[in-house]
file coords.txt (compact mmCIF, C-alpha atoms)
# COMPACT_ATOMS: atom_id res chain seq x y z
CA MET B 7 -22.88 13.46 27.40
CA LYS B 8 -22.76 14.38 23.69
CA ILE B 9 -19.65 12.23 23.22
CA LYS B 10 -21.39 9.20 24.80
CA ILE B 11 -24.36 9.61 22.44
CA LEU B 12 -22.00 9.76 19.44
CA TYR B 13 -20.28 6.54 20.56
CA ILE B 14 -23.69 4.87 20.91
CA ILE B 15 -24.65 5.99 17.39
CA TYR B 16 -21.32 4.74 16.05
CA ASN B 17 -21.76 1.33 17.68
CA ILE B 18 -25.33 0.97 16.39
CA PHE B 19 -24.03 1.80 12.91
CA MET B 20 -21.24 -0.80 13.20
CA TYR B 21 -23.73 -3.51 14.27
CA PHE B 22 -26.04 -2.76 11.33
CA LEU B 23 -23.00 -2.81 9.03
CA GLN B 24 -22.11 -6.42 9.93
CA PRO B 25 -24.51 -8.15 7.47
CA ILE B 26 -23.06 -6.07 4.62
CA LEU B 27 -19.51 -6.93 5.70
CA PHE B 28 -20.45 -10.61 5.91
CA LEU B 29 -21.95 -10.59 2.39
CA ASN B 30 -18.84 -8.87 1.09
CA PHE B 31 -16.76 -11.55 2.80
CA LEU B 32 -18.81 -14.33 1.10
CA PHE B 33 -18.33 -12.61 -2.26
CA ARG B 34 -14.55 -12.60 -1.72
CA ILE B 35 -14.59 -16.32 -0.80
CA LEU B 36 -16.28 -17.11 -4.13
CA LYS B 37 -13.39 -15.40 -5.89
CA ASN B 38 -10.61 -16.75 -3.68
CA ASN B 39 -11.12 -19.48 -1.06
CA MET B 40 -7.96 -18.35 0.77
CA TYR B 41 -10.20 -15.76 2.47
CA LEU B 42 -11.69 -18.67 4.47
CA LYS B 43 -8.44 -19.16 6.34
CA ASN B 44 -8.27 -17.32 9.69
CA TRP B 45 -11.58 -15.49 9.07
CA LYS B 46 -12.53 -15.90 12.77
CA GLU B 47 -9.75 -13.46 13.65
CA ARG B 48 -11.93 -10.63 12.30
CA TYR B 49 -14.26 -11.45 15.22
CA GLY B 50 -11.53 -11.48 17.87
CA PHE B 51 -10.85 -15.24 17.93
CA LEU B 52 -7.06 -15.42 17.91
CA LYS B 53 -5.38 -18.84 17.66
CA PHE B 54 -2.70 -17.72 20.11
CA SER B 55 -2.19 -15.66 23.27
CA ILE B 56 0.71 -13.30 23.93
CA PHE B 57 1.48 -13.11 27.67
CA LYS B 58 4.70 -11.09 27.41
CA LYS B 59 4.27 -7.34 26.83
CA CYS B 60 4.20 -6.91 23.04
CA ILE B 61 3.92 -4.30 20.29
CA LEU B 62 0.88 -4.37 18.03
CA ILE B 63 1.50 -2.85 14.59
CA HIS B 64 -1.55 -2.49 12.37
CA CYS B 65 -1.28 -2.07 8.59
CA VAL B 66 -4.32 -1.83 6.32
CA SER B 67 -2.88 -3.71 3.37
CA LEU B 68 0.16 -4.64 1.29
CA GLY B 69 1.52 -1.12 0.83
CA GLU B 70 1.47 -0.30 4.54
CA VAL B 71 3.08 -3.65 5.39
CA LYS B 72 5.95 -2.94 3.01
CA ALA B 73 6.31 0.59 4.36
CA ILE B 74 6.71 -0.50 7.97
CA ILE B 75 9.11 -3.43 7.35
CA PRO B 76 12.30 -1.31 7.90
CA LEU B 77 10.97 -0.11 11.29
CA ILE B 78 10.07 -3.66 12.35
CA LYS B 79 13.56 -4.89 11.48
CA ILE B 80 15.12 -2.11 13.57
CA ILE B 81 12.89 -3.03 16.53
CA GLN B 82 13.65 -6.75 16.15
CA LYS B 83 17.37 -6.03 16.11
CA LYS B 84 17.44 -3.63 19.10
CA TYR B 85 14.62 -5.14 21.20
CA LYS B 86 14.85 -8.89 20.60
CA TYR B 87 12.94 -9.62 23.81
CA ILE B 88 9.80 -7.72 22.75
CA PRO B 89 7.24 -9.79 20.78
CA ILE B 90 5.52 -8.13 17.80
CA LEU B 91 1.98 -8.76 16.56
CA LEU B 92 1.45 -7.47 13.00
CA THR B 93 -2.15 -7.17 11.81
CA SER B 94 -3.75 -6.39 8.47
CA THR B 95 -7.27 -6.21 7.07
CA THR B 96 -6.47 -7.77 3.68
CA LEU B 97 -5.29 -11.13 2.37
CA THR B 98 -2.47 -9.52 0.36
CA GLY B 99 -1.28 -7.78 3.50
CA LEU B 100 -1.18 -11.05 5.47
CA ASN B 101 0.56 -12.87 2.62
CA GLN B 102 3.30 -10.23 2.57
CA ILE B 103 3.75 -10.55 6.34
CA LYS B 104 4.16 -14.35 6.06
CA LYS B 105 6.62 -13.98 3.19
CA GLU B 106 8.74 -11.33 4.90
CA PHE B 107 8.80 -12.51 8.51
CA SER B 108 7.85 -16.20 8.52
CA GLU B 109 7.90 -17.22 12.22
CA SER B 110 9.77 -14.20 13.64
CA LEU B 111 6.58 -12.45 14.75
CA TYR B 112 2.86 -13.06 15.34
CA TYR B 113 0.36 -12.07 12.66
CA ALA B 114 -3.42 -11.98 12.35
CA TYR B 115 -6.36 -10.19 10.76
CA PHE B 116 -7.31 -6.98 12.53
CA PRO B 117 -10.72 -7.36 14.29
CA TYR B 118 -13.88 -5.44 13.39
CA ASP B 119 -14.34 -2.33 15.53
CA LEU B 120 -17.22 -3.64 17.64
CA LEU B 121 -16.73 -3.19 21.39
CA ILE B 122 -17.47 -6.84 22.25
CA ILE B 123 -14.99 -8.01 19.58
CA ILE B 124 -12.30 -5.51 20.57
CA LYS B 125 -12.49 -6.55 24.25
CA LYS B 126 -12.25 -10.22 23.28
CA PHE B 127 -9.22 -9.46 21.08
CA LEU B 128 -7.44 -7.43 23.78
CA LYS B 129 -7.90 -10.21 26.36
CA LYS B 130 -5.62 -12.43 24.28
CA ILE B 131 -2.65 -10.04 24.13
CA ASN B 132 -0.58 -8.14 26.69
CA LEU B 133 0.15 -4.80 25.02
CA ARG B 134 3.08 -2.45 25.59
CA LEU B 135 2.48 -0.18 22.57
CA VAL B 136 0.17 0.08 19.54
CA ILE B 137 1.37 1.53 16.24
CA ILE B 138 -1.28 2.19 13.59
CA VAL B 139 0.13 2.85 10.12
CA GLU B 140 -1.22 5.80 8.12
CA LYS B 141 -4.81 6.70 9.09
CA GLU B 142 -6.84 3.84 10.53
CA ILE B 143 -8.93 5.64 13.16
CA TRP B 144 -11.13 3.07 14.90
CA PRO B 145 -13.07 4.77 17.77
CA ASN B 146 -13.80 1.69 19.93
CA PHE B 147 -10.29 0.27 19.57
CA ILE B 148 -8.57 3.59 20.33
CA LYS B 149 -10.84 4.43 23.27
CA GLU B 150 -10.39 0.98 24.78
CA LEU B 151 -6.59 1.30 24.52
CA HIS B 152 -6.76 4.70 26.18
CA LEU B 153 -8.84 3.33 29.07
CA ARG B 154 -6.24 0.58 29.56
CA LYS B 155 -3.42 3.19 29.47
CA ILE B 156 -1.80 1.57 26.43
CA PRO B 157 0.13 4.18 24.37
CA ILE B 158 -0.94 4.68 20.75
CA ILE B 159 1.07 6.08 17.83
CA ILE B 160 -0.28 6.81 14.37
CA ALA B 161 2.77 6.29 12.15
CA ASN B 162 3.24 7.78 8.69
CA ALA B 163 -0.08 9.53 9.25
CA ARG B 164 -1.83 11.11 6.28
CA LEU B 165 -5.12 12.92 5.98
CA SER B 166 -6.36 13.77 2.50
CA ASP B 167 -8.38 16.88 1.84
CA LYS B 168 -11.43 14.70 1.15
CA SER B 169 -11.10 12.82 4.47
CA PHE B 170 -10.47 16.09 6.29
CA LYS B 171 -13.73 17.60 4.97
CA ARG B 172 -15.62 14.44 5.98
CA TYR B 173 -14.13 14.37 9.49
CA LYS B 174 -14.73 18.10 9.91
CA LYS B 175 -18.48 17.45 9.86
CA ILE B 176 -18.08 15.41 13.07
CA LYS B 177 -15.13 17.40 14.47
CA PHE B 178 -16.36 17.21 18.07
CA PHE B 179 -16.28 13.39 17.93
CA ILE B 180 -13.02 13.11 15.96
CA LYS B 181 -11.23 15.60 18.23
CA ASN B 182 -12.05 13.39 21.21
CA ILE B 183 -10.66 10.27 19.48
CA LEU B 184 -7.51 11.99 18.17
CA ASN B 185 -6.55 13.22 21.62
CA TYR B 186 -6.67 9.67 23.01
CA ILE B 187 -3.64 9.08 20.77
CA ASN B 188 -0.18 9.76 22.26
CA ILE B 189 1.65 10.73 19.05
CA ILE B 190 0.59 11.35 15.47
CA ALA B 191 3.69 11.20 13.24
CA SER B 192 2.57 12.77 9.97
CA GLN B 193 3.98 12.54 6.45
CA SER B 194 3.88 16.24 5.60
CA ILE B 195 3.16 19.75 6.86
CA ASP B 196 -0.16 19.71 4.97
CA ASP B 197 -1.22 16.54 6.80
CA SER B 198 -0.11 18.07 10.12
CA ASN B 199 -2.14 21.22 9.54
CA ARG B 200 -5.28 19.17 8.83
CA PHE B 201 -4.86 17.18 12.05
CA LEU B 202 -4.43 20.41 14.00
CA ALA B 203 -7.53 21.87 12.36
CA LEU B 204 -9.50 18.85 13.63
CA GLY B 205 -8.51 19.71 17.20
CA LEU B 206 -5.39 17.59 17.79
CA LYS B 207 -3.20 19.09 20.53
CA LYS B 208 0.00 20.51 19.09
CA GLU B 209 2.27 18.64 21.51
CA LYS B 210 0.93 15.30 20.20
CA LEU B 211 1.94 16.07 16.60
CA LYS B 212 5.29 15.38 14.89
CA THR B 213 6.02 15.88 11.18
CA ILE B 214 8.61 13.22 10.29
CA GLY B 215 8.29 12.64 6.51
CA ASN B 216 7.11 9.57 4.63
CA VAL B 217 8.52 6.16 5.63
CA LYS B 218 7.72 4.82 2.15
CA PHE B 219 10.92 6.48 0.94
CA ASP B 220 12.79 4.04 3.21
CA ILE B 221 11.32 0.83 1.78
CA ASN B 222 13.94 -1.67 0.60
CA TYR B 223 13.00 -2.31 -3.03
CA SER B 224 15.69 -4.92 -3.66
CA CYS B 225 14.79 -8.04 -5.62
CA ILE B 226 16.54 -11.40 -5.80
CA VAL B 227 15.95 -13.11 -9.13
CA LYS B 228 16.63 -16.82 -9.68
CA LYS B 229 18.50 -17.69 -12.85
CA LYS B 230 15.95 -20.33 -13.86
CA GLN B 231 13.43 -17.51 -14.39
CA ASN B 232 15.06 -16.91 -17.76
CA TYR B 233 12.55 -14.41 -19.07
CA ILE B 234 13.40 -12.00 -16.24
CA ASN B 235 16.52 -11.12 -18.26
CA PHE B 236 14.84 -11.16 -21.65
CA ASN B 237 15.41 -7.44 -22.27
CA ASN B 238 19.13 -7.98 -22.71
CA ASN B 239 18.63 -11.09 -24.81
CA HIS B 240 15.99 -9.81 -27.21
CA LYS B 241 16.68 -6.05 -27.22
CA ARG B 242 13.02 -5.35 -26.56
CA LEU B 243 11.52 -2.11 -25.31
CA VAL B 244 9.35 -2.78 -22.25
CA TRP B 245 6.68 -0.80 -20.46
CA ILE B 246 4.90 -1.87 -17.31
CA ALA B 247 1.35 -1.04 -16.24
CA ALA B 248 1.42 -1.78 -12.52
CA SER B 249 -1.40 -2.22 -9.97
CA THR B 250 -4.18 -1.68 -12.50
CA HIS B 251 -7.89 -1.59 -11.63
CA PRO B 252 -11.14 -2.30 -13.53
CA GLY B 253 -11.51 -0.08 -16.57
CA GLU B 254 -7.78 0.62 -16.84
CA GLU B 255 -6.75 -2.64 -18.50
CA LYS B 256 -8.92 -2.02 -21.59
CA ILE B 257 -7.37 1.41 -22.07
CA ILE B 258 -3.86 0.02 -21.60
CA LEU B 259 -4.42 -2.88 -24.02
CA LYS B 260 -5.93 -0.55 -26.64
CA LEU B 261 -2.96 1.76 -26.18
CA HIS B 262 -0.50 -1.11 -26.51
CA LEU B 263 -2.22 -2.28 -29.70
CA ASN B 264 -1.75 1.17 -31.24
CA LEU B 265 1.84 1.50 -30.01
CA LEU B 266 2.79 -1.80 -31.66
CA LYS B 267 2.12 -0.22 -35.07
CA LYS B 268 5.09 2.11 -34.55
CA PHE B 269 7.07 -0.02 -32.10
CA PRO B 270 6.58 -3.68 -33.15
CA ASN B 271 9.28 -4.83 -30.72
CA LEU B 272 7.46 -3.42 -27.69
CA ILE B 273 6.41 -5.61 -24.75
CA LEU B 274 3.77 -4.75 -22.14
CA ILE B 275 3.93 -6.16 -18.62
CA LEU B 276 0.40 -5.94 -17.24
CA ALA B 277 0.04 -6.34 -13.47
CA PRO B 278 -3.53 -6.16 -12.08
CA ARG B 279 -3.73 -5.02 -8.47
CA HIS B 280 -5.94 -7.83 -7.10
CA PRO B 281 -5.26 -11.58 -7.55
CA GLU B 282 -8.96 -12.41 -7.95
CA ARG B 283 -8.97 -10.43 -11.24
CA PHE B 284 -6.11 -12.31 -12.93
CA LYS B 285 -8.42 -14.67 -14.86
CA LYS B 286 -10.68 -11.86 -16.07
CA VAL B 287 -7.73 -9.78 -17.26
CA SER B 288 -6.22 -12.85 -18.95
CA GLN B 289 -9.44 -13.27 -20.94
CA MET B 290 -9.38 -9.59 -21.82
CA ILE B 291 -5.87 -9.97 -23.26
CA LYS B 292 -7.06 -12.94 -25.36
CA ASN B 293 -9.96 -10.85 -26.66
CA PHE B 294 -7.41 -8.35 -27.98
CA LYS B 295 -5.67 -11.32 -29.71
CA PHE B 296 -2.28 -10.59 -28.18
CA ASN B 297 0.36 -13.26 -27.92
CA CYS B 298 0.58 -13.41 -24.12
CA ILE B 299 2.47 -15.42 -21.52
CA ASN B 300 1.65 -15.66 -17.81
CA TYR B 301 4.37 -15.12 -15.22
CA THR B 302 3.33 -18.15 -13.17
CA ASN B 303 3.49 -20.50 -16.19
CA LYS B 304 7.27 -19.82 -16.51
CA ASN B 305 7.03 -19.75 -20.29
CA SER B 306 9.93 -18.29 -22.26
CA ILE B 307 9.71 -15.05 -24.19
CA SER B 308 9.52 -15.50 -27.96
CA GLU B 309 9.82 -13.00 -30.79
CA SER B 310 6.02 -12.91 -31.07
CA THR B 311 5.36 -12.25 -27.35
CA HIS B 312 3.90 -8.80 -26.78
CA VAL B 313 2.21 -9.07 -23.38
CA ILE B 314 3.31 -10.61 -20.07
CA LEU B 315 0.52 -10.99 -17.50
CA TYR B 316 1.98 -10.69 -14.03
CA ASP B 317 -0.39 -13.07 -12.21
CA ASP B 318 1.35 -13.19 -8.83
CA ILE B 319 2.03 -10.95 -5.84
CA GLY B 320 5.17 -9.84 -4.03
CA ARG B 321 7.74 -9.78 -6.87
CA LEU B 322 6.56 -6.84 -8.96
CA GLU B 323 9.79 -4.92 -8.27
CA CYS B 324 11.62 -7.53 -10.36
CA PHE B 325 9.66 -6.40 -13.39
CA TYR B 326 10.37 -2.73 -12.79
CA LYS B 327 14.03 -3.69 -13.11
CA ILE B 328 13.57 -4.83 -16.70
CA SER B 329 11.20 -2.06 -17.81
CA ASP B 330 11.88 1.17 -19.67
CA ILE B 331 8.69 3.06 -18.76
CA ALA B 332 6.19 2.67 -15.91
CA PHE B 333 2.50 3.52 -15.67
CA ILE B 334 1.16 3.38 -12.10
CA GLY B 335 -2.42 2.12 -11.99
CA GLY B 336 -5.38 3.01 -9.85
CA SER B 337 -4.90 6.56 -11.10
CA PHE B 338 -6.66 6.76 -14.48
CA PHE B 339 -10.01 6.41 -12.69
CA ASN B 340 -10.76 7.48 -9.13
CA TYR B 341 -9.20 4.58 -7.19
CA GLY B 342 -6.67 6.78 -5.39
CA GLY B 343 -3.48 5.61 -7.11
CA HIS B 344 -0.57 3.46 -5.92
CA ASN B 345 3.03 3.85 -4.83
CA PRO B 346 5.35 5.09 -7.62
CA LEU B 347 8.57 4.67 -5.64
CA GLU B 348 9.33 1.16 -6.92
CA ALA B 349 9.50 2.72 -10.37
CA ALA B 350 11.55 5.68 -9.08
CA ILE B 351 14.24 3.50 -7.46
CA ASN B 352 14.62 1.71 -10.81
CA LYS B 353 15.18 5.04 -12.62
CA LEU B 354 12.05 4.79 -14.77
CA PRO B 355 10.03 7.63 -16.28
CA ILE B 356 6.71 7.50 -14.42
CA LEU B 357 3.28 8.10 -15.92
CA MET B 358 0.13 8.35 -13.86
CA GLY B 359 -3.50 9.34 -14.30
CA PRO B 360 -4.97 12.40 -12.51
CA PHE B 361 -6.23 10.49 -9.44
CA PHE B 362 -3.48 9.88 -6.89
CA LYS B 363 -4.83 11.00 -3.50
CA ASN B 364 -3.48 7.89 -1.70
CA PHE B 365 0.09 8.97 -2.47
CA HIS B 366 -0.48 12.68 -2.85
CA ASP B 367 2.62 13.84 -0.98
CA ILE B 368 4.98 11.51 -2.88
CA ASN B 369 3.50 12.39 -6.26
CA ILE B 370 3.61 16.14 -5.59
CA LYS B 371 7.30 15.82 -4.74
CA LEU B 372 7.91 13.92 -7.98
CA LYS B 373 5.85 16.43 -9.98
CA GLN B 374 7.65 19.43 -8.46
CA ASN B 375 10.96 17.88 -9.51
CA ASN B 376 9.78 17.16 -13.08
CA ALA B 377 9.91 13.41 -12.40
CA LEU B 378 6.23 12.54 -12.97
CA ILE B 379 4.06 12.79 -16.08
CA ILE B 380 0.31 13.17 -15.50
CA VAL B 381 -1.78 11.72 -18.35
CA GLU B 382 -5.31 13.02 -17.99
CA ASN B 383 -6.83 11.17 -20.95
CA TYR B 384 -6.08 8.59 -23.63
CA GLU B 385 -4.77 11.11 -26.18
CA ILE B 386 -2.22 12.55 -23.74
CA PHE B 387 -1.32 9.03 -22.61
CA ILE B 388 -0.45 7.77 -26.10
CA MET B 389 1.32 11.03 -26.97
CA TRP B 390 3.68 10.74 -23.99
CA MET B 391 4.26 7.02 -24.56
CA GLN B 392 5.35 7.71 -28.14
CA ILE B 393 7.62 10.58 -27.07
CA LEU B 394 9.33 8.45 -24.42
CA LEU B 395 9.67 5.38 -26.64
CA PHE B 396 11.27 7.47 -29.39
CA ASN B 397 13.60 9.35 -27.05
CA LYS B 398 15.93 7.26 -24.87
CA SER B 399 17.76 10.29 -23.43
CA LEU B 400 14.43 11.74 -22.25
CA ARG B 401 13.55 8.43 -20.57
CA ILE B 402 16.89 8.45 -18.78
CA ALA B 403 16.47 12.09 -17.67
CA TYR B 404 13.02 11.46 -16.17
CA GLY B 405 14.26 8.30 -14.48
CA LEU B 406 17.28 9.96 -12.90
CA ARG B 407 15.13 12.80 -11.56
CA ALA B 408 12.76 10.25 -10.01
CA LEU B 409 15.70 8.44 -8.36
CA LYS B 410 17.02 11.74 -7.00
CA VAL B 411 13.63 12.46 -5.36
CA PHE B 412 13.63 8.98 -3.81
CA TYR B 413 16.98 9.51 -2.08
CA LYS B 414 16.29 13.14 -1.15
CA TYR B 415 13.38 12.32 1.16
CA GLN B 416 14.70 9.26 2.98
CA GLY B 417 15.09 9.12 6.77
CA ALA B 418 11.52 9.12 8.13
CA THR B 419 11.88 5.58 9.56
CA LYS B 420 14.74 6.67 11.84
CA ASN B 421 12.71 9.68 12.93
CA LEU B 422 9.81 7.37 13.75
CA PHE B 423 12.00 4.95 15.68
CA TYR B 424 13.33 7.72 17.93
CA LEU B 425 9.72 8.76 18.67
CA ILE B 426 8.72 5.28 19.84
CA LYS B 427 12.02 4.42 21.61
CA ASP B 428 10.91 5.85 24.97
CA PHE B 429 7.82 3.64 24.96
CA LEU B 430 9.94 0.56 24.22
CA ASP B 431 12.51 1.31 26.92
CA LYS B 432 9.85 1.34 29.66
CA LYS B 433 9.73 -1.94 31.55
call {"tool": "encode", "arguments": {"input": "coords.txt", "output": "structure tokens"}}
result
Amino acid sequence: MKIKILYIIYNIFMYFLQPILFLNFLFRILKNNMYLKNWKERYGFLKFSIFKKCILIHCVSLGEVKAIIPLIKIIQKKYKYIPILLTSTTLTGLNQIKKEFSESLYYAYFPYDLLIIIKKFLKKINLRLVIIVEKEIWPNFIKELHLRKIPIIIANARLSDKSFKRYKKIKFFIKNILNYINIIASQSIDDSNRFLALGLKKEKLKTIGNVKFDINYSCIVKKKQNYINFNNNHKRLVWIAASTHPGEEKIILKLHLNLLKKFPNLILILAPRHPERFKKVSQMIKNFKFNCINYTNKNSISESTHVILYDDIGRLECFYKISDIAFIGGSFFNYGGHNPLEAAINKLPILMGPFFKNFHDINIKLKQNNALIIVENYEIFIMWMQILLFNKSLRIAYGLRALKVFYKYQGATKNLFYLIKDFLDKK
């Protein structure tokens, strides 16, 4: 009875939340009209039906899409007859799906977790298995799958200490939802212990490692993009500030201005996390009076160029390849941080602010192996930048340690595939 009441409260909350979500959606449209496309999918109106038993794989955003690509390619190779529907809740996530898979699978926005919407969504697809990447726990969706006897796997599952404390307050409700899930494949022992503490049955839990170590970070660069190879041509030192958020760009630009006094040949590649902020960051760079070129304008590097604004998505790894030092954004303020492994695979010394809960396990592994530098404030940030820019051998040492960590922890994708194989073999 108590569980039923909690579901009723949850559904009332979700209905009252809709006007806020709709206003947020309108705000996003004003910034980028691409959000208008396929918006009905959030309300369960799919443009297609899938009659053959399929796999639904849900990824929150860009990072989760990239992380699950190796698994999808294994499934497509070994189970060509099984259709795949890949969903995301963000525009960047959907754009990455289109770029990577084109017409080889179905894709759509993931619907809001309202019972009427979820039922409408599930009527359009014939499900064999659902894989949810990382920690998207949607009560109505998961319960409805359980009632329909559709197996559910949480892949690459993580549960931060903050989320654990929040869920613990409603443990009775969360325990019920978690045990509707067939398998939770967690990233680390710490994550596993938190799931167990919330009441997950031990037999449902597998600790497999982090699939993000298995991402293919290769990049194909066209020769006509001549400034991609500028580092060899101009002998410039380059640092990249990747996936930055509001507040971070001003600090980075101020830092770059000061670094140029000692390193006049230095170039900054600035890559804001969200496309809708490109114009604002571009204006910010102009306010600092830097000589800047935009990636999308295809301008050539000149001797006076000191900032490149990366105003695109999906090719950031190409710029790691030509950098000497990497700062990973979303970490200087409490945004949760972003994935440092693209920098690690390119043998770069990695700097990050103190906030990295979204990639806690990866960053702890890097830190334990002396392959990550935490810069807690501006003074420490500029001190470490100067040390690294002066000392090439130190840059190389940090980069090689980061690469070693990357290779050491690979293999989680194969572990995950063997977990789901039994569900795929069932006719």
call {"tool": "atom_distance", "arguments": {"input": "coords.txt", "atom1": "atom CA of Asn300 of chain B", "atom2": "atom CA of Arg242 of chain B"}}
result
17.7 Å
call {"tool": "atom_distance", "arguments": {"input": "coords.txt", "atom1": "atom CA of Ala248 of chain B", "atom2": "atom CA of His64 of chain B"}}
result
25.1 Å
call {"tool": "closest_residue", "arguments": {"input": "coords.txt", "among": "B:Asp119, B:Glu323, B:Asp428, B:Glu254", "to": "Met20 of chain B", "atoms": "all atoms listed in the file"}}
result
B:Asp119
call {"tool": "closest_residue", "arguments": {"input": "coords.txt", "among": "B:Tyr118, B:Asp431, B:Lys58, B:Leu315", "to": "Leu23 of chain B", "atoms": "all atoms listed in the file"}}
result
B:Tyr118
call {"tool": "residues_near_point", "arguments": {"input": "coords.txt", "point": "(0.1, -3.9, 16.9)", "cutoff": "8 Å", "atoms": "only C-alpha atoms", "output": "VMD selection string"}}
result
chain B and resid 60 to 64 90 to 93 135 to 138
call {"tool": "residues_around", "arguments": {"input": "coords.txt", "residues": "Asn271 of chain B", "least_positions_apart": "4", "cutoff": "9 Å", "atoms": "only C-alpha atoms", "output": "number ranges by chain"}}
result
B: 241-244, 266, 309-310, 312
call {"tool": "atom_distance", "arguments": {"input": "coords.txt", "atom1": "atom CA of Lys304 of chain B", "atom2": "atom CA of Tyr316 of chain B"}}
result
10.8 Å
call {"tool": "closest_residue", "arguments": {"input": "coords.txt", "among": "B:Leu120, B:Asn297, B:Leu153, B:Glu282", "to": "Ile14 of chain B", "atoms": "all atoms listed in the file"}}
result
B:Leu120
call {"tool": "closest_residue", "arguments": {"input": "coords.txt", "among": "B:Gly215, B:Pro76, B:Gly50, B:Gly359", "to": "Phe147 of chain B", "atoms": "only C-alpha atoms"}}
result
B:Gly50
call {"tool": "closest_atom_pairs", "arguments": {"input": "coords.txt", "of": "segment 297-339 of chain B", "to": "segment 392-405 of chain B", "cutoff": "10 Å", "atoms": "only C-alpha atoms", "output": "JSON lines"}}
result
{"residue": "B:Asp330", "atom": "CA", "partner": "B:Arg401", "partner_atom": "CA", "distance": 7.5}
{"residue": "B:Ile331", "atom": "CA", "partner": "B:Arg401", "partner_atom": "CA", "distance": 7.5}
{"residue": "B:Ala332", "atom": "CA", "partner": "B:Gly405", "partner_atom": "CA", "distance": 9.9}
call {"tool": "axis_aligned_box", "arguments": {"input": "coords.txt", "around": "segment 131-141 of chain B", "padding_each_side": "3 Å", "output": "AutoDock Vina command-line options"}}
result
--center_x -0.9 --center_y -1.7 --center_z 17.4 --size_x 13.9 --size_y 22.7 --size_z 24.6
call {"tool": "residues_around", "arguments": {"input": "coords.txt", "residues": "Gly205 of chain B", "least_positions_apart": "3", "cutoff": "8 Å", "atoms": "only C-alpha atoms", "output": "list of chain:residue names"}}
result
B:Lys177, B:Lys181, B:Leu184, B:Phe201, B:Leu202
call {"tool": "write_last_selection", "arguments": {"input": "coords.txt", "atoms": "C-alpha atoms", "output": "compact mmCIF listing (two decimals), keeping the file's coordinate frame"}}
result
# COMPACT_ATOMS: atom_id res chain seq x y z
CA LYS B 177 -15.13 17.40 14.47
CA LYS B 181 -11.23 15.60 18.23
CA LEU B 184 -7.51 11.99 18.17
CA PHE B 201 -4.86 17.18 12.05
CA LEU B 202 -4.43 20.41 14.00
call {"tool": "closest_residue", "arguments": {"input": "coords.txt", "among": "B:Phe333, B:Thr311, B:Lys129, B:Leu211", "to": "Trp390 of chain B", "atoms": "all atoms listed in the file"}}
result
B:Phe333
